[in-house]
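The file protein_10.txt comes next; it holds compact mmCIF, C-alpha atoms.
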```txt
# COMPACT_ATOMS: atom_id res chain seq x y z
CA MET A 1 8.37 -4.24 27.26
CA PRO A 2 10.11 -4.68 23.86
CA ARG A 3 11.10 -1.47 22.10
CA VAL A 4 11.10 -0.44 18.45
CA LEU A 5 12.61 2.25 16.28
CA VAL A 6 9.75 3.69 14.24
CA LEU A 7 10.22 5.75 11.07
CA GLN A 8 7.37 7.57 9.31
CA HIS A 9 7.23 9.31 5.93
CA PRO A 10 4.47 9.27 3.27
CA ALA A 11 6.94 7.91 0.68
CA LEU A 12 9.25 5.92 2.93
CA PRO A 13 10.20 3.28 0.28
CA GLN A 14 11.69 6.11 -1.81
CA CYS A 15 13.79 7.49 1.07
CA ASP A 16 17.48 6.75 1.53
CA LEU A 17 17.71 4.69 4.73
CA SER A 18 21.34 3.64 4.29
CA VAL A 19 22.23 5.50 7.50
CA LEU A 20 20.54 2.65 9.40
CA ASN A 21 23.05 0.12 8.03
CA THR A 22 25.72 1.36 10.44
CA LEU A 23 23.60 0.78 13.55
CA GLY A 24 23.68 -3.00 13.73
CA LEU A 25 19.90 -3.32 13.50
CA PRO A 26 18.03 -6.40 12.27
CA PRO A 27 16.82 -6.24 8.67
CA ALA A 28 13.33 -4.89 8.14
CA ALA A 29 11.33 -4.47 4.97
CA VAL A 30 9.96 -1.04 4.17
CA SER A 31 6.26 -1.14 3.45
CA GLY A 32 3.99 1.86 3.06
CA SER A 33 4.67 4.91 5.21
CA VAL A 34 5.88 3.25 8.45
CA LEU A 35 8.94 1.15 9.30
CA ARG A 36 9.25 -0.63 12.67
CA ILE A 37 12.59 -2.15 13.70
CA PRO A 38 13.05 -4.06 16.99
CA VAL A 39 15.81 -2.54 19.13
CA SER A 40 17.37 -3.27 22.50
CA GLU A 41 16.23 -1.67 25.75
CA THR A 42 19.33 0.53 25.75
CA PHE A 43 19.25 1.57 22.07
CA ARG A 44 19.58 5.27 21.34
CA LEU A 45 19.53 6.71 17.85
CA PRO A 46 22.87 8.49 17.21
CA GLU A 47 22.59 12.23 16.57
CA THR A 48 24.15 11.86 13.12
CA ALA A 49 21.51 9.32 12.12
CA ALA A 50 18.72 11.48 13.57
CA ALA A 51 20.02 14.49 11.64
CA GLU A 52 20.01 12.53 8.37
CA LEU A 53 16.44 11.33 8.96
CA ASN A 54 15.36 14.88 9.78
CA ARG A 55 17.02 16.12 6.59
CA GLN A 56 14.72 13.79 4.67
CA ARG A 57 11.72 14.89 6.73
CA ILE A 58 11.33 11.45 8.28
CA ASP A 59 9.67 11.42 11.71
CA HIS A 60 11.38 8.95 14.04
CA ALA A 61 11.18 7.73 17.62
CA VAL A 62 12.20 4.83 19.85
CA LEU A 63 9.11 3.62 21.69
CA PRO A 64 7.60 0.63 23.49
CA ASP A 65 6.24 -1.89 20.97
CA LEU A 66 2.54 -1.32 21.59
CA ALA A 67 -0.56 -2.04 19.54
CA PHE A 68 -2.90 0.93 19.07
CA ALA A 69 -5.81 -1.24 20.23
CA ASP A 70 -4.01 -1.78 23.56
CA LEU A 71 -4.30 1.92 24.34
CA GLY A 72 -7.30 3.19 26.24
CA LEU A 73 -7.08 6.99 26.09
CA ILE A 74 -5.58 9.79 24.02
CA VAL A 75 -5.45 13.20 25.69
CA SER A 76 -4.98 16.04 23.22
CA ASP A 77 -4.36 19.75 23.28
CA MET A 78 -6.60 21.74 20.89
CA ASP A 79 -4.95 24.90 19.54
CA SER A 80 -2.11 24.16 17.10
CA THR A 81 -2.59 20.44 17.76
CA LEU A 82 -6.06 19.11 16.93
CA ILE A 83 -6.69 22.34 15.01
CA THR A 84 -4.28 24.57 13.11
CA ILE A 85 -5.03 27.91 14.81
CA GLU A 86 -4.73 29.58 18.19
CA CYS A 87 -8.36 30.54 18.82
CA VAL A 88 -7.67 33.47 21.14
CA ASP A 89 -5.45 35.07 18.48
CA GLU A 90 -8.19 34.80 15.86
CA ILE A 91 -10.83 36.17 18.22
CA ALA A 92 -8.52 39.12 18.90
CA ALA A 93 -8.48 39.84 15.18
CA GLY A 94 -12.08 41.01 15.68
CA VAL A 95 -10.82 43.96 17.72
CA GLY A 96 -7.70 44.57 15.65
CA LEU A 97 -5.40 43.12 18.30
CA LYS A 98 -4.32 39.85 16.70
CA ALA A 99 -0.62 40.74 16.51
CA GLN A 100 -0.51 41.94 20.11
CA VAL A 101 -2.35 38.89 21.47
CA ALA A 102 -0.43 36.47 19.24
CA GLU A 103 2.88 37.69 20.67
CA ILE A 104 1.65 36.99 24.23
CA THR A 105 0.43 33.55 23.08
CA GLU A 106 3.79 32.74 21.51
CA GLN A 107 5.67 33.74 24.67
CA ALA A 108 3.37 31.57 26.78
CA MET A 109 3.77 28.56 24.46
CA ARG A 110 7.55 28.94 24.63
CA GLY A 111 7.27 28.84 28.43
CA GLU A 112 8.44 32.42 28.89
CA LEU A 113 5.25 33.60 30.64
CA ASP A 114 3.00 32.09 33.30
CA PHE A 115 0.15 30.54 31.35
CA GLU A 116 -2.76 31.67 33.55
CA GLN A 117 -1.51 35.24 33.79
CA SER A 118 -0.92 35.40 30.05
CA LEU A 119 -4.36 33.93 29.36
CA ARG A 120 -6.10 36.48 31.57
CA ARG A 121 -4.11 39.29 29.90
CA ARG A 122 -5.20 38.12 26.45
CA VAL A 123 -8.83 37.58 27.40
CA ALA A 124 -9.00 41.05 29.01
CA LEU A 125 -8.17 42.55 25.62
CA LEU A 126 -11.33 40.93 24.18
CA ALA A 127 -13.70 42.90 26.44
CA GLY A 128 -16.69 44.34 24.55
CA LEU A 129 -16.40 41.97 21.58
CA ASP A 130 -19.67 40.58 20.22
CA GLU A 131 -20.01 36.87 20.98
CA GLN A 132 -20.88 36.27 17.31
CA VAL A 133 -17.16 36.59 16.59
CA LEU A 134 -16.70 33.15 18.19
CA GLN A 135 -19.04 31.58 15.63
CA GLN A 136 -17.30 33.42 12.81
CA VAL A 137 -13.90 32.09 13.90
CA TYR A 138 -15.29 28.56 14.14
CA GLU A 139 -16.99 28.65 10.73
CA GLN A 140 -14.55 30.75 8.71
CA VAL A 141 -11.07 30.35 10.23
CA LEU A 142 -10.79 27.15 12.28
CA GLN A 143 -9.38 24.14 10.42
CA LEU A 144 -8.59 20.65 11.64
CA SER A 145 -4.96 19.60 11.53
CA PRO A 146 -4.12 17.13 8.75
CA GLY A 147 -4.89 13.59 9.83
CA ALA A 148 -7.22 14.61 12.68
CA GLU A 149 -10.32 12.89 11.31
CA TYR A 150 -8.33 9.76 10.46
CA LEU A 151 -6.89 9.58 13.98
CA LEU A 152 -10.32 9.97 15.57
CA ALA A 153 -11.77 7.32 13.25
CA GLU A 154 -9.00 4.95 14.34
CA CYS A 155 -9.80 5.72 17.98
CA LYS A 156 -13.44 4.76 17.41
CA LYS A 157 -12.44 1.65 15.45
CA HIS A 158 -10.14 0.38 18.19
CA GLY A 159 -12.08 1.54 21.25
CA VAL A 160 -9.62 4.25 22.34
CA ALA A 161 -11.30 7.13 24.20
CA PHE A 162 -10.36 10.71 23.25
CA LEU A 163 -10.14 13.63 25.69
CA LEU A 164 -9.64 17.18 24.40
CA VAL A 165 -8.09 19.43 27.07
CA SER A 166 -7.51 23.01 26.08
CA GLY A 167 -6.18 26.23 27.48
CA GLY A 168 -8.57 27.72 24.91
CA PHE A 169 -12.32 27.97 25.23
CA THR A 170 -15.32 25.68 25.67
CA PHE A 171 -17.13 27.33 22.73
CA PHE A 172 -14.67 25.58 20.41
CA THR A 173 -14.13 22.32 22.31
CA GLU A 174 -17.89 21.78 22.54
CA HIS A 175 -18.42 22.47 18.84
CA LEU A 176 -15.59 20.11 17.93
CA GLN A 177 -16.99 17.40 20.19
CA GLN A 178 -20.39 17.66 18.51
CA ARG A 179 -18.80 17.63 15.07
CA LEU A 180 -16.26 14.84 15.58
CA GLY A 181 -18.00 12.70 18.19
CA PHE A 182 -15.16 12.19 20.68
CA GLU A 183 -15.94 11.38 24.30
CA TYR A 184 -14.61 14.12 26.58
CA GLN A 185 -13.58 17.79 26.54
CA HIS A 186 -12.47 20.45 29.03
CA ALA A 187 -11.51 24.08 28.39
CA ASN A 188 -11.82 27.60 29.79
CA VAL A 189 -15.16 29.40 29.93
CA LEU A 190 -15.43 32.92 28.51
CA GLU A 191 -17.76 35.16 30.50
CA ILE A 192 -20.45 36.69 28.29
CA SER A 193 -22.96 39.35 29.32
CA ASP A 194 -25.68 40.80 27.08
CA GLY A 195 -24.07 39.14 24.06
CA LEU A 196 -20.65 40.69 24.69
CA LEU A 197 -17.42 39.23 26.01
CA THR A 198 -16.60 40.77 29.40
CA GLY A 199 -12.87 40.14 29.18
CA LYS A 200 -13.08 37.65 32.05
CA LEU A 201 -13.11 33.90 32.57
CA THR A 202 -15.38 31.88 34.84
CA GLY A 203 -14.78 28.58 36.62
CA ARG A 204 -11.69 26.41 36.70
CA ILE A 205 -8.68 27.55 34.70
CA ILE A 206 -7.35 24.84 32.39
CA ASP A 207 -3.62 25.41 32.57
CA ALA A 208 -0.65 23.04 32.47
CA ARG A 209 -1.35 21.63 35.91
CA ALA A 210 -5.05 21.12 35.20
CA LYS A 211 -4.27 19.27 31.97
CA ALA A 212 -2.06 16.78 33.80
CA GLU A 213 -4.65 16.41 36.57
CA LEU A 214 -7.40 15.70 34.04
CA LEU A 215 -5.23 13.08 32.36
CA THR A 216 -4.75 11.34 35.71
CA GLU A 217 -8.45 11.69 36.58
CA TYR A 218 -9.62 10.06 33.34
CA ARG A 219 -6.91 7.39 33.44
CA GLU A 220 -8.20 6.32 36.85
CA LYS A 221 -11.84 6.72 35.83
CA LEU A 222 -11.31 4.39 32.87
CA GLY A 223 -9.21 1.95 34.90
CA LEU A 224 -6.15 2.24 32.67
CA ALA A 225 -2.47 1.55 33.27
CA ALA A 226 -0.01 4.37 32.61
CA HIS A 227 1.28 2.81 29.36
CA GLN A 228 -2.27 2.83 27.93
CA VAL A 229 -2.45 6.65 27.89
CA VAL A 230 -1.07 8.91 25.16
CA ALA A 231 -0.87 12.70 25.42
CA MET A 232 -0.17 15.08 22.56
CA GLY A 233 0.44 18.81 22.46
CA ASP A 234 2.67 21.58 21.15
CA GLY A 235 3.43 24.08 23.90
CA ALA A 236 5.07 24.49 27.28
CA ASN A 237 1.69 24.21 29.01
CA ASP A 238 1.40 20.67 27.63
CA ILE A 239 4.65 19.43 29.20
CA PRO A 240 3.19 18.14 32.51
CA MET A 241 0.63 15.99 30.69
CA LEU A 242 3.25 14.76 28.20
CA LEU A 243 5.32 13.62 31.18
CA GLU A 244 2.31 12.07 32.95
CA ALA A 245 1.29 10.00 29.93
CA GLY A 246 2.71 6.61 29.05
CA THR A 247 3.67 8.11 25.68
CA GLY A 248 4.00 11.88 25.29
CA ILE A 249 3.89 13.15 21.70
CA ALA A 250 5.03 16.66 20.70
CA TYR A 251 3.16 17.76 17.58
CA HIS A 252 4.92 20.44 15.49
CA ALA A 253 5.91 21.70 18.90
CA LYS A 254 8.00 24.38 20.53
CA PRO A 255 11.55 23.19 21.45
CA LYS A 256 10.77 23.03 25.17
CA ALA A 257 7.85 20.65 24.58
CA GLN A 258 9.93 18.51 22.21
CA GLN A 259 12.59 18.08 24.88
CA HIS A 260 10.04 16.47 27.22
CA ALA A 261 8.31 14.20 24.69
CA ASP A 262 8.81 10.52 23.94
CA ALA A 263 8.11 11.12 20.24
CA CYS A 264 8.01 14.22 18.06
CA ILE A 265 5.93 14.69 14.92
CA ASN A 266 7.77 17.44 13.07
CA PHE A 267 6.82 16.62 9.49
CA GLY A 268 3.70 14.44 9.31
CA GLY A 269 0.14 15.10 10.34
CA LEU A 270 -1.90 13.56 13.15
CA GLU A 271 -2.07 10.29 11.24
CA ALA A 272 1.48 9.82 12.57
CA VAL A 273 0.09 9.43 16.09
CA ARG A 274 -1.56 6.24 14.86
CA GLY A 275 1.64 5.24 13.07
CA TRP A 276 3.72 5.08 16.25
CA PHE A 277 1.75 1.97 17.24
CA ARG A 278 1.13 -1.41 15.61
```
Is it possible to give me this structure as structure tokens?
Amino acid sequence: MPRVLVLQHPALPQCDLSVLNTLGLPPAAVSGSVLRIPVSETFRLPETAAAELNRQRIDHAVLPDLAFADLGLIVSDMDSTLITIECVDEIAAGVGLKAQVAEITEQAMRGELDFEQSLRRRVALLAGLDEQVLQQVYEQVLQLSPGAEYLLAECKKHGVAFLLVSGGFTFFTEHLQQRLGFEYQHANVLEISDGLLTGKLTGRIIDARAKAELLTEYREKLGLAAHQVVAMGDGANDIPMLLEAGTGIAYHAKPKAQQHADACINFGGLEAVRGWFR
């Protein structure tokens, strides 16, 4: 499949792209926020050129030359990807433990702790919390990442299914599904008794392995080829699904996740997911 070097920046025509002149690439006119330049199968962007693009806050990647409409499925993480927060951290604020829980979350996202063990540790700290705190976090704290609604509108426009897979909680994935109208969602289930969180989880744990398995399950269910599936996430527990996807996208991600992604969005919003494709 032909490959392209893709650059993205909201004011790309005003950026200094002279660093590209040394790479022997065909001429390409800058238009709008995205530039696509055909490259050879073996092309690699030199580190000096990548550093200059990063300095100007230009997202860049070398990818297969695919049309967005040729995709069939986007699989997305929720916390710090589709939305800006880590839900468990904000729930913990209700018992005055946000800092403590957030540190465990950060270690898990960096890949320094086993995800399931860290999740159970964090959830245990929520025991006794009124379930109304979940609604308060959803209504008062949770925000969509920039470009999320645009990306989902493009998915609907081009017939690309959207699957939200989260190491967070079904309370939030279900609310987001109702609000945004995407097709599928899976997350962890908080156990609640007499209106209070018990500090336990029920059912299947959605960890790194489960995310990759769900990607494969839905790819087969929808009859898609590997190159028709995109995965996006920010943490170490997203790496297996980034690797399983045809295109793995690290979104404002931890270094370990970036190392395993085909494309990194470090500066733009989720509209850049659409921008990687024709």
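Ranking A:Thr81, A:Thr247, A:Asn54, A:Gln132 by their shortest atom-to-atom distance to Ile192 of chain A, with all atoms listed in the file included, puts A:Gln132 first.
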Exercise. Which residue, A:Ile205, A:Ala127, A:Leu73, A:Ala231, has the smallest gap to Glu244 of chain A when you use all atoms listed in the file?
Worked result: A:Ala231
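Atom CA of Cys15 of chain A lies 19.0 Å from atom CA of Val62 of chain A.
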For this session: Write out as an NGL selection string the residues lying within 10 Å of segment 92-96 of chain A, counting all atoms listed in the file and excluding same-chain residues fewer than 2 positions away.
Result: :A and (87-90 or 98-102 or 122-123 or 125-130 or 133-134 or 136-137)
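Distances from A:Gly111, A:Gly159, A:Gly199, A:Gly269 to Pro255 of chain A were compared using only C-alpha atoms, and the smallest one belongs to A:Gly111.
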Seminar exercise, completed: Judged by only C-alpha atoms, the minimum distance to Leu163 of chain A among A:Asp65, A:Asp234, A:Asp77, A:Glu191 is found for A:Asp77
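Taking atom CA of Phe182 of chain A and atom CA of Phe162 of chain A as the two end points, the separation is 5.6 Å.
The environment of Lys256 of chain A within 7 Å, counting all atoms listed in the file and disregarding residues fewer than 2 places along the same chain, consists of Arg110, Ala236, Lys254, Gln258, Gln259 and His260 of chain A.
Pairwise distance (atom CA of Gly167 of chain A, atom CA of Ala210 of chain A) equals 9.3 Å.
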For this session: Pull the neighbourhood of (-3.2, 20.3, 35.3) for me: all residues within 12 Å in file coordinates, counting all atoms listed in the file, as a PyMOL selection string.
Result: chain A and resi 115-116+165-167+186-187+204-217+237-244
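Candidate residues A:Ile91, A:Ala11, A:Met78, A:Leu5 were compared for distance to Gln177 of chain A, and the nearest is A:Met78, using all atoms listed in the file.
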Applying 9 Å and only C-alpha atoms, which residues near Gln8 of chain A remain after dropping the ones on its own chain fewer than 6 positions away? List them as a tab-separated table (two decimals) with C-alpha atoms, in the coordinates of the input.
```
chain	number	residue	atom	x	y	z
A	33	SER	CA	4.67	4.91	5.21
A	34	VAL	CA	5.88	3.25	8.45
A	35	LEU	CA	8.94	1.15	9.30
A	57	ARG	CA	11.72	14.89	6.73
A	58	ILE	CA	11.33	11.45	8.28
A	59	ASP	CA	9.67	11.42	11.71
A	60	HIS	CA	11.38	8.95	14.04
A	268	GLY	CA	3.70	14.44	9.31
A	272	ALA	CA	1.48	9.82	12.57
A	275	GLY	CA	1.64	5.24	13.07
A	276	TRP	CA	3.72	5.08	16.25
```
Problem set entry | Polymer residues at most 10 Å from Ile74 of chain A, all atoms listed in the file, same-chain spacing of 5 or more positions, as an MDAnalysis selection string | chainID A and resid 152 155 160:164 215 219 228:232 245 247:248 273
Given the selection you just returned, output its residues as a file containing C-alpha atoms, formatted as a short mmCIF file (atom, residue, chain, number, x, y, z; two decimals), in the coordinates of the input.
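Below you can see selection_29.cif, which holds the result:
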```
data_model
loop_
_atom_site.label_atom_id
_atom_site.label_comp_id
_atom_site.auth_asym_id
_atom_site.auth_seq_id
_atom_site.Cartn_x
_atom_site.Cartn_y
_atom_site.Cartn_z
CA LEU A 152 -10.32 9.97 15.57
CA CYS A 155 -9.80 5.72 17.98
CA VAL A 160 -9.62 4.25 22.34
CA ALA A 161 -11.30 7.13 24.20
CA PHE A 162 -10.36 10.71 23.25
CA LEU A 163 -10.14 13.63 25.69
CA LEU A 164 -9.64 17.18 24.40
CA LEU A 215 -5.23 13.08 32.36
CA ARG A 219 -6.91 7.39 33.44
CA GLN A 228 -2.27 2.83 27.93
CA VAL A 229 -2.45 6.65 27.89
CA VAL A 230 -1.07 8.91 25.16
CA ALA A 231 -0.87 12.70 25.42
CA MET A 232 -0.17 15.08 22.56
CA ALA A 245 1.29 10.00 29.93
CA THR A 247 3.67 8.11 25.68
CA GLY A 248 4.00 11.88 25.29
CA VAL A 273 0.09 9.43 16.09
#
```
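Within 9 Å of Thr202 of chain A, once only C-alpha atoms are used and residues closer than 5 positions along the same chain are dropped, the contacting residues are Asn188, Val189, Leu190 and Glu191 of chain A.
Closest approach to His175 of chain A among A:Leu222, A:Leu142, A:Ala69, A:Leu63: A:Leu142, based on only C-alpha atoms.
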Kindly complete segment 25-60 of chain A to N, CA and C atoms; the output should be written as a PDB file, keeping the file's coordinate frame.
```pdb
ATOM      1  N   LEU A  25      21.305  -2.970  13.272  1.00  0.00           N
ATOM      2  CA  LEU A  25      19.900  -3.320  13.500  1.00  0.00           C
ATOM      3  C   LEU A  25      19.507  -4.523  12.654  1.00  0.00           C
ATOM      4  N   PRO A  26      18.505  -5.280  13.088  1.00  0.00           N
ATOM      5  CA  PRO A  26      18.030  -6.400  12.270  1.00  0.00           C
ATOM      6  C   PRO A  26      17.394  -5.893  10.988  1.00  0.00           C
ATOM      7  N   PRO A  27      17.440  -6.677   9.927  1.00  0.00           N
ATOM      8  CA  PRO A  27      16.820  -6.240   8.670  1.00  0.00           C
ATOM      9  C   PRO A  27      15.326  -6.097   8.809  1.00  0.00           C
ATOM     10  N   ALA A  28      14.775  -5.114   8.117  1.00  0.00           N
ATOM     11  CA  ALA A  28      13.330  -4.890   8.140  1.00  0.00           C
ATOM     12  C   ALA A  28      12.900  -4.353   6.790  1.00  0.00           C
ATOM     13  N   ALA A  29      11.834  -4.898   6.273  1.00  0.00           N
ATOM     14  CA  ALA A  29      11.330  -4.470   4.970  1.00  0.00           C
ATOM     15  C   ALA A  29      10.502  -3.207   5.096  1.00  0.00           C
ATOM     16  N   VAL A  30      10.742  -2.269   4.186  1.00  0.00           N
ATOM     17  CA  VAL A  30       9.960  -1.040   4.170  1.00  0.00           C
ATOM     18  C   VAL A  30       8.653  -1.301   3.434  1.00  0.00           C
ATOM     19  N   SER A  31       7.569  -0.961   4.079  1.00  0.00           N
ATOM     20  CA  SER A  31       6.260  -1.140   3.450  1.00  0.00           C
ATOM     21  C   SER A  31       5.385   0.050   3.806  1.00  0.00           C
ATOM     22  N   GLY A  32       4.872   0.723   2.797  1.00  0.00           N
ATOM     23  CA  GLY A  32       3.990   1.860   3.060  1.00  0.00           C
ATOM     24  C   GLY A  32       4.741   3.026   3.678  1.00  0.00           C
ATOM     25  N   SER A  33       4.127   3.668   4.663  1.00  0.00           N
ATOM     26  CA  SER A  33       4.670   4.910   5.210  1.00  0.00           C
ATOM     27  C   SER A  33       5.344   4.717   6.572  1.00  0.00           C
ATOM     28  N   VAL A  34       5.335   3.484   7.114  1.00  0.00           N
ATOM     29  CA  VAL A  34       5.880   3.250   8.450  1.00  0.00           C
ATOM     30  C   VAL A  34       6.851   2.070   8.430  1.00  0.00           C
ATOM     31  N   LEU A  35       7.975   2.233   9.122  1.00  0.00           N
ATOM     32  CA  LEU A  35       8.940   1.150   9.300  1.00  0.00           C
ATOM     33  C   LEU A  35       9.168   0.955  10.793  1.00  0.00           C
ATOM     34  N   ARG A  36       9.058  -0.298  11.254  1.00  0.00           N
ATOM     35  CA  ARG A  36       9.250  -0.630  12.670  1.00  0.00           C
ATOM     36  C   ARG A  36      10.404  -1.636  12.771  1.00  0.00           C
ATOM     37  N   ILE A  37      11.420  -1.297  13.552  1.00  0.00           N
ATOM     38  CA  ILE A  37      12.590  -2.150  13.700  1.00  0.00           C
ATOM     39  C   ILE A  37      12.795  -2.455  15.186  1.00  0.00           C
ATOM     40  N   PRO A  38      12.790  -3.720  15.585  1.00  0.00           N
ATOM     41  CA  PRO A  38      13.050  -4.060  16.990  1.00  0.00           C
ATOM     42  C   PRO A  38      14.445  -3.581  17.405  1.00  0.00           C
ATOM     43  N   VAL A  39      14.525  -3.001  18.600  1.00  0.00           N
ATOM     44  CA  VAL A  39      15.810  -2.540  19.130  1.00  0.00           C
ATOM     45  C   VAL A  39      15.941  -2.983  20.582  1.00  0.00           C
ATOM     46  N   SER A  40      17.133  -2.883  21.117  1.00  0.00           N
ATOM     47  CA  SER A  40      17.370  -3.270  22.500  1.00  0.00           C
ATOM     48  C   SER A  40      16.829  -2.213  23.458  1.00  0.00           C
ATOM     49  N   GLU A  41      16.723  -2.582  24.720  1.00  0.00           N
ATOM     50  CA  GLU A  41      16.230  -1.670  25.750  1.00  0.00           C
ATOM     51  C   GLU A  41      17.097  -0.426  25.865  1.00  0.00           C
ATOM     52  N   THR A  42      18.383  -0.579  25.578  1.00  0.00           N
ATOM     53  CA  THR A  42      19.330   0.530  25.750  1.00  0.00           C
ATOM     54  C   THR A  42      19.607   1.302  24.454  1.00  0.00           C
ATOM     55  N   PHE A  43      18.945   0.935  23.364  1.00  0.00           N
ATOM     56  CA  PHE A  43      19.250   1.570  22.070  1.00  0.00           C
ATOM     57  C   PHE A  43      18.908   3.051  22.077  1.00  0.00           C
ATOM     58  N   ARG A  44      19.804   3.838  21.562  1.00  0.00           N
ATOM     59  CA  ARG A  44      19.580   5.270  21.340  1.00  0.00           C
ATOM     60  C   ARG A  44      20.001   5.606  19.921  1.00  0.00           C
ATOM     61  N   LEU A  45      19.199   6.343  19.218  1.00  0.00           N
ATOM     62  CA  LEU A  45      19.530   6.710  17.850  1.00  0.00           C
ATOM     63  C   LEU A  45      20.630   7.765  17.871  1.00  0.00           C
ATOM     64  N   PRO A  46      21.779   7.497  17.228  1.00  0.00           N
ATOM     65  CA  PRO A  46      22.870   8.490  17.210  1.00  0.00           C
ATOM     66  C   PRO A  46      22.408   9.812  16.587  1.00  0.00           C
ATOM     67  N   GLU A  47      22.984  10.908  17.053  1.00  0.00           N
ATOM     68  CA  GLU A  47      22.590  12.230  16.570  1.00  0.00           C
ATOM     69  C   GLU A  47      22.818  12.375  15.067  1.00  0.00           C
ATOM     70  N   THR A  48      23.892  11.762  14.553  1.00  0.00           N
ATOM     71  CA  THR A  48      24.150  11.860  13.120  1.00  0.00           C
ATOM     72  C   THR A  48      23.052  11.172  12.308  1.00  0.00           C
ATOM     73  N   ALA A  49      22.586  10.029  12.800  1.00  0.00           N
ATOM     74  CA  ALA A  49      21.510   9.320  12.120  1.00  0.00           C
ATOM     75  C   ALA A  49      20.206  10.115  12.212  1.00  0.00           C
ATOM     76  N   ALA A  50      19.933  10.676  13.390  1.00  0.00           N
ATOM     77  CA  ALA A  50      18.720  11.480  13.570  1.00  0.00           C
ATOM     78  C   ALA A  50      18.739  12.693  12.638  1.00  0.00           C
ATOM     79  N   ALA A  51      19.896  13.323  12.509  1.00  0.00           N
ATOM     80  CA  ALA A  51      20.020  14.490  11.640  1.00  0.00           C
ATOM     81  C   ALA A  51      19.747  14.127  10.179  1.00  0.00           C
ATOM     82  N   GLU A  52      20.235  12.964   9.745  1.00  0.00           N
ATOM     83  CA  GLU A  52      20.010  12.530   8.370  1.00  0.00           C
ATOM     84  C   GLU A  52      18.527  12.229   8.128  1.00  0.00           C
ATOM     85  N   LEU A  53      17.879  11.594   9.088  1.00  0.00           N
ATOM     86  CA  LEU A  53      16.440  11.330   8.960  1.00  0.00           C
ATOM     87  C   LEU A  53      15.660  12.640   8.927  1.00  0.00           C
ATOM     88  N   ASN A  54      16.027  13.573   9.777  1.00  0.00           N
ATOM     89  CA  ASN A  54      15.360  14.880   9.780  1.00  0.00           C
ATOM     90  C   ASN A  54      15.552  15.599   8.449  1.00  0.00           C
ATOM     91  N   ARG A  55      16.743  15.469   7.883  1.00  0.00           N
ATOM     92  CA  ARG A  55      17.020  16.120   6.590  1.00  0.00           C
ATOM     93  C   ARG A  55      16.046  15.628   5.529  1.00  0.00           C
ATOM     94  N   GLN A  56      15.663  14.361   5.634  1.00  0.00           N
ATOM     95  CA  GLN A  56      14.720  13.790   4.670  1.00  0.00           C
ATOM     96  C   GLN A  56      13.269  13.902   5.137  1.00  0.00           C
ATOM     97  N   ARG A  57      13.062  14.660   6.196  1.00  0.00           N
ATOM     98  CA  ARG A  57      11.720  14.890   6.730  1.00  0.00           C
ATOM     99  C   ARG A  57      11.042  13.577   7.141  1.00  0.00           C
ATOM    100  N   ILE A  58      11.832  12.718   7.766  1.00  0.00           N
ATOM    101  CA  ILE A  58      11.330  11.450   8.280  1.00  0.00           C
ATOM    102  C   ILE A  58      11.141  11.592   9.794  1.00  0.00           C
ATOM    103  N   ASP A  59       9.912  11.431  10.275  1.00  0.00           N
ATOM    104  CA  ASP A  59       9.670  11.420  11.710  1.00  0.00           C
ATOM    105  C   ASP A  59      10.182  10.100  12.283  1.00  0.00           C
ATOM    106  N   HIS A  60      10.784  10.152  13.465  1.00  0.00           N
ATOM    107  CA  HIS A  60      11.380   8.950  14.040  1.00  0.00           C
ATOM    108  C   HIS A  60      11.301   8.999  15.559  1.00  0.00           C
TER     109      HIS A  60
END
```
